[in-house]
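Notes for the one structure printed next.
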Protein chains: 2
Amino acid sequence: MTTGLVLYSYWRSSAAYRVRIALNLKGLSYETQPVHLLRDGGQQHTAQYRALNPLESVPVLRDGDRVITQSLAIMEYLDEMHPELETALLPVDARGRAQVRALAMAICCDIHPLGNLRVLQQLEAQLGASEEQRAAWSRHWMDVGFRAIEAVLADSAATGRYCHGETPSVADACLVPQVYNAARWKLPMDDYPIIARIYQACNELEAFQRAAPEAQPDAP
Amino acid sequence: MTTGLVLYSYWRSSAAYRVRIALNLKGLSYETQPVHLLRDGGQQHTAQYRALNPLESVPVLRDGDRVITQSLAIMEYLDEMHPELETALLPVDARGRAQVRALAMAICCDIHPLGNLRVLQQLEAQLGASEEQRAAWSRHWMDVGFRAIEAVLADSAATGRYCHGETPSVADACLVPQVYNAARWKLPMDDYPIIARIYQACNELEAFQRAAPEAQPDAP
């Protein structure tokens with residue numbers, strides 16, 4: 001389906017990766033507009049980009065004259081604009097929706113913000129944290145977060161092949177980029193077997209494969 | 001309305017404060033179950049609480065046998081369970097909903113996680129950050145975030161008396177606790193006049209007043 005959607009993306013951004021997965025799961029085609037987060041002092045900080053997104057971050061979804069920021073808000077928007085049940089990113093029942101959103105937010109609010117590029121840059125600039133200290137910092141928050149999520153998944157009768165049941169959801173679209181990120185920081189996944197299993201199951205799907213950082217047009 | 005809702009809350013937690021606002025805006029009564037984040041090494045870390053919420057954080061909403069974590073997921077749940085238009089926490093149109101969610105997430109993902117208690121504790125434990133450095137760290141992320149949100153609000157035709165139009169939404173429920181937090185860290189609000197104006201407008205409402213930290217049963 002051609003939709004005229006444009007995604008402002010960086011190949012290695014976890015948040016952009018989430019939205020790429022969501023777009024693919026929903027079967028929506030889109031154009032990628034690369035924003036290089038390291039080049040030119042960070043292309044997300046240029047005046048032109050700030051005019052599009054004052055948050056100076058990726059992803060941004062442009063849908064005609066609508067400009068939508070924040071990965072979770074974009075995924076909710078896609079689900080609302082394209083409510084076909086067979087590609088729903090959230091369950092139909094309120095309890096299931098809450099569970100999926102809570103899992104997604106356990107990643108997007110509790111883990112990812114703390115290991116973000118700008119945060120690691122600030123740790124170095126303000127507190128002189130070494131590369132090793134920054135890596136330990138990142139691994140610490142991923143470990144805390146993954147342990148909690150692992151416990152939630154172990155406790156829940158709704159956990160299936162994916163985070164919630166037998167079809168991938170917003171929670172999986174958030175989990176996979178975070179696990180990808182963990183590998184970059186050399187965090188062993190042995191302590192989180194359910195997460196590791198779901199990660200594998202997701203990556204067997206073409207929607208996840210096509211969203212992977214290395215598959216992006218702006219990957220080096 | 002008596003609903004049997006129980007909110008696990010800490011008076012000064014921003015995330016719990018958001019949900020208290022949302023419950024009040026929706027006119028739902030609830031019982032407060034205090035969780036003291038500093039006492040006993042943090043009551044959110046006890047085995048009993050972890051069994052309720054493996055994320056070891058507040059708030060948690062208990063609705064009968066349902067246990068819902070993450071403030072934004074709880075607010076979405078409340079809106080879905082109680083869809084009466086006059087107390088809706090999100091606009092009806094997909095674009096408006098996306099805008100409100102993006103504003104909420106600009107706080108819940110981009111500002112709040114970086115100044116959280118556990119993060120400040122880790123800055124001290126891992127990197128030896130002094131109290132002054134931790135305060136500067138907190139103010140830095142609030143300033144970056146508020147500048148961005150101020151620009152979004154200035155740009156948007158939808159900005160009204162509140163973050164989105166003439167009724168308070170999830171975005172306001174997130175903004176007010178963050179501005180309250182900014183005052184604790186002595187961040188002057190002069191550079192964010194729209195945010196400061198909306199904060200005042202919100203605090204004229206009883207729903208926000210009753211949710212304030214000082215009005216909680218567990219406030220000292």
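Residue numbers start at 1 in each chain; chains themselves are named A, B, ... in the order of the structure tokens; ligands are numbered from 1 in the order shown.
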
Exercise. Given a cut-off of 8 Å, which residues of chain A touch chain B, counting only C-alpha atoms, written out as a ChimeraX atom specification?
Worked result: /A:53-56,66,68-70,72-74,76-77,80-81,94-95,97-99,101-102,105-106,108-110,113-114,126-127,129,133,137,145,148-149,151-152

For this session: Mind checking which residues fall within 10 Å of Met189 in chain A, counting only C-alpha atoms, ignoring those fewer than 4 positions away in the same chain, and posting them as a ChimeraX atom specification?
Result: /A:143,146,179,182-183,193-196

Those residues with N, CA, C and O atoms, as a compact mmCIF listing (two decimals), in the first residue's frame please?
```txt
# COMPACT_ATOMS: atom_id res chain seq x y z
N ASP A 143 20.21 -4.12 32.54
CA ASP A 143 20.07 -5.27 33.43
C ASP A 143 18.89 -5.09 34.39
O ASP A 143 18.04 -5.99 34.54
N PHE A 146 15.67 -5.28 32.19
CA PHE A 146 15.39 -6.62 31.65
C PHE A 146 14.97 -7.59 32.76
O PHE A 146 14.10 -8.43 32.56
N VAL A 179 17.02 -5.10 22.86
CA VAL A 179 17.90 -6.27 22.93
C VAL A 179 19.04 -6.12 21.91
O VAL A 179 20.20 -6.47 22.20
N ALA A 182 21.45 -4.02 23.53
CA ALA A 182 22.19 -4.74 24.58
C ALA A 182 23.38 -5.48 23.99
O ALA A 182 24.46 -5.55 24.61
N ALA A 183 23.20 -6.03 22.80
CA ALA A 183 24.31 -6.75 22.16
C ALA A 183 25.45 -5.79 21.84
O ALA A 183 26.63 -6.11 22.00
N PRO A 193 15.91 -15.37 29.87
CA PRO A 193 15.64 -16.36 28.82
C PRO A 193 14.34 -16.11 28.05
O PRO A 193 14.28 -16.39 26.85
N ILE A 194 13.32 -15.58 28.72
CA ILE A 194 12.06 -15.34 27.99
C ILE A 194 12.25 -14.21 26.99
O ILE A 194 11.83 -14.30 25.83
N ILE A 195 12.93 -13.17 27.43
CA ILE A 195 13.21 -12.05 26.51
C ILE A 195 14.02 -12.55 25.32
O ILE A 195 13.72 -12.22 24.16
N ALA A 196 15.03 -13.36 25.59
CA ALA A 196 15.89 -13.86 24.50
C ALA A 196 15.08 -14.72 23.53
O ALA A 196 15.27 -14.63 22.30
```

Exercise. In Å to one decimal, how far is CA of Asp172 in chain B from CA of Thr159 in chain B?
Worked result: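 Distance reported for this atom pair: 11.3 Å.
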
For this session: Determine which residues of range 27-88 of chain B DSSP labels as alpha helix (DSSP H) from the backbone of this structure, then write them out as a PyMOL selection string.
Result: chain B and resi 47-52+71-81

For this session: Could you tell me how far CA of Tyr180 in chain A lies from CA of Leu7 in chain A, in Å and to one decimal?
Result: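 Atom-to-atom, CA of Tyr180 in chain A to CA of Leu7 in chain A, that is 20.4 Å.
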
For this session: Please give the complete set of residues from range 57-173 of chain B that DSSP, run on the backbone, assigns to strand (DSSP E or B), formatted as a PyMOL selection string.
Result: chain B and resi 60-63+66-69

Can you write just those residues out, C-alpha atoms, as a short mmCIF file (atom, residue, chain, number, x, y, z; two decimals), in the first residue's frame?
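Contents of again01.cif, as written:
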```cif
data_model
loop_
_atom_site.label_atom_id
_atom_site.label_comp_id
_atom_site.auth_asym_id
_atom_site.auth_seq_id
_atom_site.Cartn_x
_atom_site.Cartn_y
_atom_site.Cartn_z
CA VAL B 60 0.48 0.78 40.45
CA LEU B 61 -3.27 0.81 39.95
CA ARG B 62 -5.24 -2.16 41.24
CA ASP B 63 -8.68 -2.49 39.69
CA ARG B 66 -6.15 -6.27 37.51
CA VAL B 67 -2.77 -4.79 38.33
CA ILE B 68 -1.64 -2.02 36.01
CA THR B 69 1.80 -0.45 36.01
#
```

Excluding Tyr17 in chain B and residues on its chain fewer than 6 positions from it, collect all residues at most 12 Å away from it, counting only C-alpha atoms, and give them as a CSV table (one decimal) with all heavy atoms, in the first residue's frame.
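Done, and the output landed in around.csv:
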```
chain,number,residue,atom,x,y,z
B,7,LEU,N,-4.7,2.9,44.5
B,7,LEU,CA,-3.4,3.4,43.9
B,7,LEU,C,-2.3,3.3,44.8
B,7,LEU,O,-2.3,3.9,45.9
B,7,LEU,CB,-3.7,4.9,43.5
B,7,LEU,CG,-2.5,5.5,42.8
B,7,LEU,CD1,-2.3,5.0,41.4
B,7,LEU,CD2,-2.6,7.1,42.7
B,8,TYR,N,-1.3,2.5,44.4
B,8,TYR,CA,0.0,2.5,45.2
B,8,TYR,C,0.8,3.7,44.8
B,8,TYR,O,1.1,3.9,43.6
B,8,TYR,CB,0.7,1.2,44.8
B,8,TYR,CG,0.0,0.0,45.4
B,8,TYR,CD1,-1.1,-0.5,44.7
B,8,TYR,CD2,0.4,-0.7,46.5
B,8,TYR,CE1,-1.8,-1.6,45.2
B,8,TYR,CE2,-0.3,-1.8,47.0
B,8,TYR,CZ,-1.4,-2.2,46.4
B,8,TYR,OH,-2.1,-3.3,46.8
B,9,SER,N,1.1,4.6,45.8
B,9,SER,CA,1.5,5.9,45.5
B,9,SER,C,2.5,6.4,46.5
B,9,SER,O,2.6,5.9,47.6
B,9,SER,CB,0.3,6.8,45.6
B,9,SER,OG,0.6,8.2,45.4
B,10,TYR,N,3.4,7.3,46.1
B,10,TYR,CA,4.2,8.0,47.0
B,10,TYR,C,4.0,9.5,46.8
B,10,TYR,O,3.9,9.9,45.6
B,10,TYR,CB,5.7,7.6,46.7
B,10,TYR,CG,6.7,8.4,47.6
B,10,TYR,CD1,6.7,8.2,49.0
B,10,TYR,CD2,7.7,9.2,47.0
B,10,TYR,CE1,7.6,8.9,49.8
B,10,TYR,CE2,8.6,9.9,47.8
B,10,TYR,CZ,8.6,9.7,49.2
B,10,TYR,OH,9.5,10.4,50.0
B,11,TRP,N,3.8,10.2,47.8
B,11,TRP,CA,3.3,11.6,47.7
B,11,TRP,C,4.2,12.5,46.7
B,11,TRP,O,3.6,13.3,46.0
B,11,TRP,CB,3.3,12.3,49.1
B,11,TRP,CG,4.6,12.5,49.8
B,11,TRP,CD1,5.4,11.5,50.3
B,11,TRP,CD2,5.3,13.7,50.0
B,11,TRP,NE1,6.5,12.1,50.9
B,11,TRP,CE2,6.5,13.4,50.7
B,11,TRP,CE3,5.0,15.1,49.7
B,11,TRP,CZ2,7.4,14.4,51.0
B,11,TRP,CZ3,5.9,16.1,50.0
B,11,TRP,CH2,7.1,15.7,50.7
B,23,LEU,N,-7.1,10.4,37.8
B,23,LEU,CA,-8.2,9.9,38.5
B,23,LEU,C,-9.1,11.0,38.9
B,23,LEU,O,-10.4,10.8,38.8
B,23,LEU,CB,-7.7,9.1,39.7
B,23,LEU,CG,-7.0,7.7,39.5
B,23,LEU,CD1,-6.2,7.3,40.6
B,23,LEU,CD2,-8.1,6.7,39.2
B,24,ASN,N,-8.6,12.1,39.4
B,24,ASN,CA,-9.5,13.2,39.8
B,24,ASN,C,-10.2,13.8,38.6
B,24,ASN,O,-11.4,14.1,38.7
B,24,ASN,CB,-8.6,14.3,40.5
B,24,ASN,CG,-8.1,13.8,41.8
B,24,ASN,OD1,-8.5,12.7,42.4
B,24,ASN,ND2,-7.1,14.5,42.4
B,32,THR,N,-5.7,5.2,48.6
B,32,THR,CA,-4.3,5.4,48.4
B,32,THR,C,-3.6,4.4,49.3
B,32,THR,O,-3.8,4.2,50.5
B,32,THR,CB,-3.8,6.8,48.9
B,32,THR,OG1,-4.5,7.8,48.0
B,32,THR,CG2,-2.3,6.9,48.8
B,58,VAL,N,6.5,3.0,41.7
B,58,VAL,CA,5.1,3.5,41.7
B,58,VAL,C,4.9,4.4,40.5
B,58,VAL,O,5.8,4.9,39.9
B,58,VAL,CB,4.9,4.3,43.0
B,58,VAL,CG1,4.9,3.5,44.2
B,58,VAL,CG2,5.8,5.6,43.1
B,59,PRO,N,3.6,4.5,40.1
B,59,PRO,CA,2.4,4.0,40.7
B,59,PRO,C,2.1,2.6,40.2
B,59,PRO,O,2.6,2.2,39.1
B,59,PRO,CB,1.4,5.0,40.2
B,59,PRO,CG,1.8,5.4,38.9
B,59,PRO,CD,3.3,5.4,39.0
B,60,VAL,N,1.2,2.0,40.9
B,60,VAL,CA,0.5,0.8,40.4
B,60,VAL,C,-1.0,1.1,40.7
B,60,VAL,O,-1.4,1.6,41.8
B,60,VAL,CB,0.9,-0.5,41.2
B,60,VAL,CG1,-0.1,-1.6,41.0
B,60,VAL,CG2,2.3,-0.9,40.8
B,71,SER,N,2.6,4.8,34.6
B,71,SER,CA,1.6,5.9,34.7
B,71,SER,C,0.9,6.2,33.4
B,71,SER,O,-0.4,6.3,33.4
B,71,SER,CB,2.3,7.2,35.1
B,71,SER,OG,3.3,7.6,34.2
B,72,LEU,N,1.5,6.2,32.2
B,72,LEU,CA,0.8,6.5,31.0
B,72,LEU,C,-0.1,5.3,30.6
B,72,LEU,O,-1.2,5.6,30.1
B,72,LEU,CB,1.8,6.7,29.8
B,72,LEU,CG,2.5,8.0,29.8
B,72,LEU,CD1,3.6,8.1,28.7
B,72,LEU,CD2,1.5,9.2,29.5
B,75,MET,N,-3.2,5.7,32.7
B,75,MET,CA,-4.1,6.8,32.2
B,75,MET,C,-4.8,6.4,31.0
B,75,MET,O,-6.0,6.7,30.9
B,75,MET,CB,-3.3,8.1,32.0
B,75,MET,CG,-2.7,8.7,33.4
B,75,MET,SD,-2.1,10.4,33.3
B,75,MET,CE,-0.5,10.1,32.5
B,170,VAL,N,-4.1,14.2,29.3
B,170,VAL,CA,-2.9,13.5,29.7
B,170,VAL,C,-1.6,14.3,29.7
B,170,VAL,O,-0.8,14.2,30.6
B,170,VAL,CB,-2.8,12.2,28.9
B,170,VAL,CG1,-1.4,11.6,29.0
B,170,VAL,CG2,-3.8,11.2,29.2
B,172,ASP,N,-1.3,17.5,30.2
B,172,ASP,CA,-1.3,18.4,31.4
B,172,ASP,C,-1.0,17.6,32.7
B,172,ASP,O,-0.3,18.1,33.6
B,172,ASP,CB,-2.6,19.1,31.6
B,172,ASP,CG,-2.9,20.0,30.3
B,172,ASP,OD1,-2.3,21.0,30.1
B,172,ASP,OD2,-3.8,19.5,29.5
B,173,ALA,N,-1.5,16.4,32.7
B,173,ALA,CA,-1.3,15.5,33.9
B,173,ALA,C,0.2,15.1,34.0
B,173,ALA,O,0.6,14.8,35.1
B,173,ALA,CB,-2.2,14.3,33.8
B,174,CYS,N,0.9,15.1,32.9
B,174,CYS,CA,2.3,14.9,33.0
B,174,CYS,C,3.1,16.2,33.2
B,174,CYS,O,4.1,16.2,33.9
B,174,CYS,CB,2.8,14.2,31.7
B,174,CYS,SG,2.1,12.6,31.4
B,175,LEU,N,2.6,17.3,32.6
B,175,LEU,CA,3.4,18.5,32.7
B,175,LEU,C,3.5,19.1,34.1
B,175,LEU,O,4.5,19.5,34.6
B,175,LEU,CB,2.8,19.6,31.8
B,175,LEU,CG,3.5,20.9,31.7
B,175,LEU,CD1,4.9,20.7,30.9
B,175,LEU,CD2,2.7,21.9,30.9
B,176,VAL,N,2.3,19.1,34.8
B,176,VAL,CA,2.3,19.7,36.1
B,176,VAL,C,3.2,19.1,37.1
B,176,VAL,O,4.0,19.8,37.8
B,176,VAL,CB,0.8,19.7,36.6
B,176,VAL,CG1,0.7,20.0,38.1
B,176,VAL,CG2,0.0,20.8,35.8
B,177,PRO,N,3.3,17.7,37.3
B,177,PRO,CA,4.2,17.1,38.2
B,177,PRO,C,5.7,17.5,37.8
B,177,PRO,O,6.5,17.6,38.7
B,177,PRO,CB,4.0,15.6,38.1
B,177,PRO,CG,2.5,15.5,37.7
B,177,PRO,CD,2.3,16.7,36.7
B,178,GLN,N,6.0,17.6,36.5
B,178,GLN,CA,7.3,17.9,36.1
B,178,GLN,C,7.7,19.3,36.5
B,178,GLN,O,8.8,19.6,36.9
B,178,GLN,CB,7.5,17.7,34.6
B,178,GLN,CG,9.0,17.7,34.2
B,178,GLN,CD,9.8,16.6,34.8
B,178,GLN,OE1,9.5,15.4,34.7
B,178,GLN,NE2,10.9,17.0,35.6
B,179,VAL,N,6.8,20.3,36.4
B,179,VAL,CA,7.0,21.6,36.8
B,179,VAL,C,7.2,21.7,38.3
B,179,VAL,O,8.0,22.5,38.8
B,179,VAL,CB,5.9,22.6,36.2
B,179,VAL,CG1,6.1,24.0,36.7
B,179,VAL,CG2,5.9,22.6,34.7
B,180,TYR,N,6.3,21.0,39.0
B,180,TYR,CA,6.5,20.9,40.4
B,180,TYR,C,7.9,20.5,40.8
B,180,TYR,O,8.5,21.0,41.7
B,180,TYR,CB,5.4,19.9,41.0
B,180,TYR,CG,5.5,19.6,42.5
B,180,TYR,CD1,4.9,20.4,43.4
B,180,TYR,CD2,6.3,18.6,42.9
B,180,TYR,CE1,5.0,20.1,44.8
B,180,TYR,CE2,6.5,18.3,44.2
B,180,TYR,CZ,5.8,19.0,45.2
B,180,TYR,OH,5.9,18.7,46.5
B,181,ASN,N,8.3,19.5,40.1
B,181,ASN,CA,9.7,18.9,40.3
B,181,ASN,C,10.7,20.0,40.0
B,181,ASN,O,11.7,20.1,40.8
B,181,ASN,CB,9.8,17.7,39.4
B,181,ASN,CG,10.8,16.7,40.0
B,181,ASN,OD1,11.2,16.8,41.1
B,181,ASN,ND2,11.1,15.7,39.1
B,207,ALA,N,-9.1,19.2,40.7
B,207,ALA,CA,-8.5,17.9,40.3
B,207,ALA,C,-7.0,17.9,40.5
B,207,ALA,O,-6.4,16.9,41.0
B,207,ALA,CB,-8.9,17.5,38.9
B,208,PHE,N,-6.4,19.0,40.1
B,208,PHE,CA,-5.0,19.1,40.3
B,208,PHE,C,-4.6,19.4,41.7
B,208,PHE,O,-3.6,18.9,42.2
B,208,PHE,CB,-4.4,20.2,39.3
B,208,PHE,CG,-4.4,19.8,37.9
B,208,PHE,CD1,-5.5,19.8,37.1
B,208,PHE,CD2,-3.2,19.4,37.3
B,208,PHE,CE1,-5.5,19.4,35.8
B,208,PHE,CE2,-3.2,19.0,35.9
B,208,PHE,CZ,-4.3,19.0,35.2
B,209,GLN,N,-5.4,20.3,42.4
B,209,GLN,CA,-5.0,20.6,43.8
B,209,GLN,C,-5.1,19.4,44.7
B,209,GLN,O,-4.2,19.2,45.5
B,209,GLN,CB,-6.0,21.7,44.3
B,209,GLN,CG,-5.9,23.1,43.6
B,209,GLN,CD,-7.1,24.0,43.8
B,209,GLN,OE1,-8.0,23.6,44.5
B,209,GLN,NE2,-7.1,25.1,43.1
B,210,ARG,N,-6.1,18.6,44.5
B,210,ARG,CA,-6.2,17.4,45.3
B,210,ARG,C,-5.2,16.4,45.1
B,210,ARG,O,-4.9,15.5,45.9
B,210,ARG,CB,-7.6,16.8,45.1
B,210,ARG,CG,-8.7,17.5,46.0
B,210,ARG,CD,-10.0,16.6,46.0
B,210,ARG,NE,-10.6,16.5,44.8
B,210,ARG,CZ,-10.9,15.3,44.2
B,210,ARG,NH1,-10.6,14.2,44.8
B,210,ARG,NH2,-11.5,15.3,43.0
B,211,ALA,N,-4.5,16.5,43.9
B,211,ALA,CA,-3.5,15.5,43.5
B,211,ALA,C,-2.1,15.9,44.0
B,211,ALA,O,-1.2,15.1,43.9
B,211,ALA,CB,-3.5,15.3,42.0
B,212,ALA,N,-2.0,17.1,44.4
B,212,ALA,CA,-0.7,17.7,44.8
B,212,ALA,C,0.0,16.9,45.9
B,212,ALA,O,-0.7,16.3,46.8
B,212,ALA,CB,-0.8,19.1,45.2
B,213,PRO,N,1.3,16.8,45.8
B,213,PRO,CA,2.0,16.0,46.8
B,213,PRO,C,1.7,16.4,48.3
B,213,PRO,O,1.4,15.5,49.1
B,213,PRO,CB,3.5,16.4,46.6
B,213,PRO,CG,3.5,16.6,45.1
B,213,PRO,CD,2.2,17.3,44.8
B,214,GLU,N,1.6,17.6,48.6
B,214,GLU,CA,1.3,18.1,49.9
B,214,GLU,C,-0.1,17.7,50.4
B,214,GLU,O,-0.4,17.7,51.6
B,214,GLU,CB,1.5,19.6,50.1
B,214,GLU,CG,2.9,20.0,50.0
B,214,GLU,CD,3.5,19.9,48.6
B,214,GLU,OE1,2.8,19.8,47.6
B,214,GLU,OE2,4.8,19.9,48.5
B,215,ALA,N,-1.0,17.4,49.5
B,215,ALA,CA,-2.4,17.0,49.8
B,215,ALA,C,-2.5,15.5,50.1
B,215,ALA,O,-3.6,15.0,50.3
B,215,ALA,CB,-3.3,17.5,48.8
B,216,GLN,N,-1.4,14.8,50.0
B,216,GLN,CA,-1.6,13.3,50.1
B,216,GLN,C,-1.5,12.8,51.5
B,216,GLN,O,-0.9,13.4,52.4
B,216,GLN,CB,-0.4,12.6,49.3
B,216,GLN,CG,-0.5,13.0,47.8
B,216,GLN,CD,-1.9,13.0,47.2
B,216,GLN,OE1,-2.5,11.9,47.3
B,216,GLN,NE2,-2.4,14.1,46.8
```

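CA of Gly27 in chain B sits 21.2 Å away from CA of Asp218 in chain B.
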
Exercise. Smallest atom-to-atom distance to Leu85 in chain B: which of B:Leu25, B:Leu187, B:Ala171, B:Val19, using only C-alpha atoms?
Worked result: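 When distances to Leu85 in chain B are compared using only C-alpha atoms, the smallest one comes from B:Leu25.
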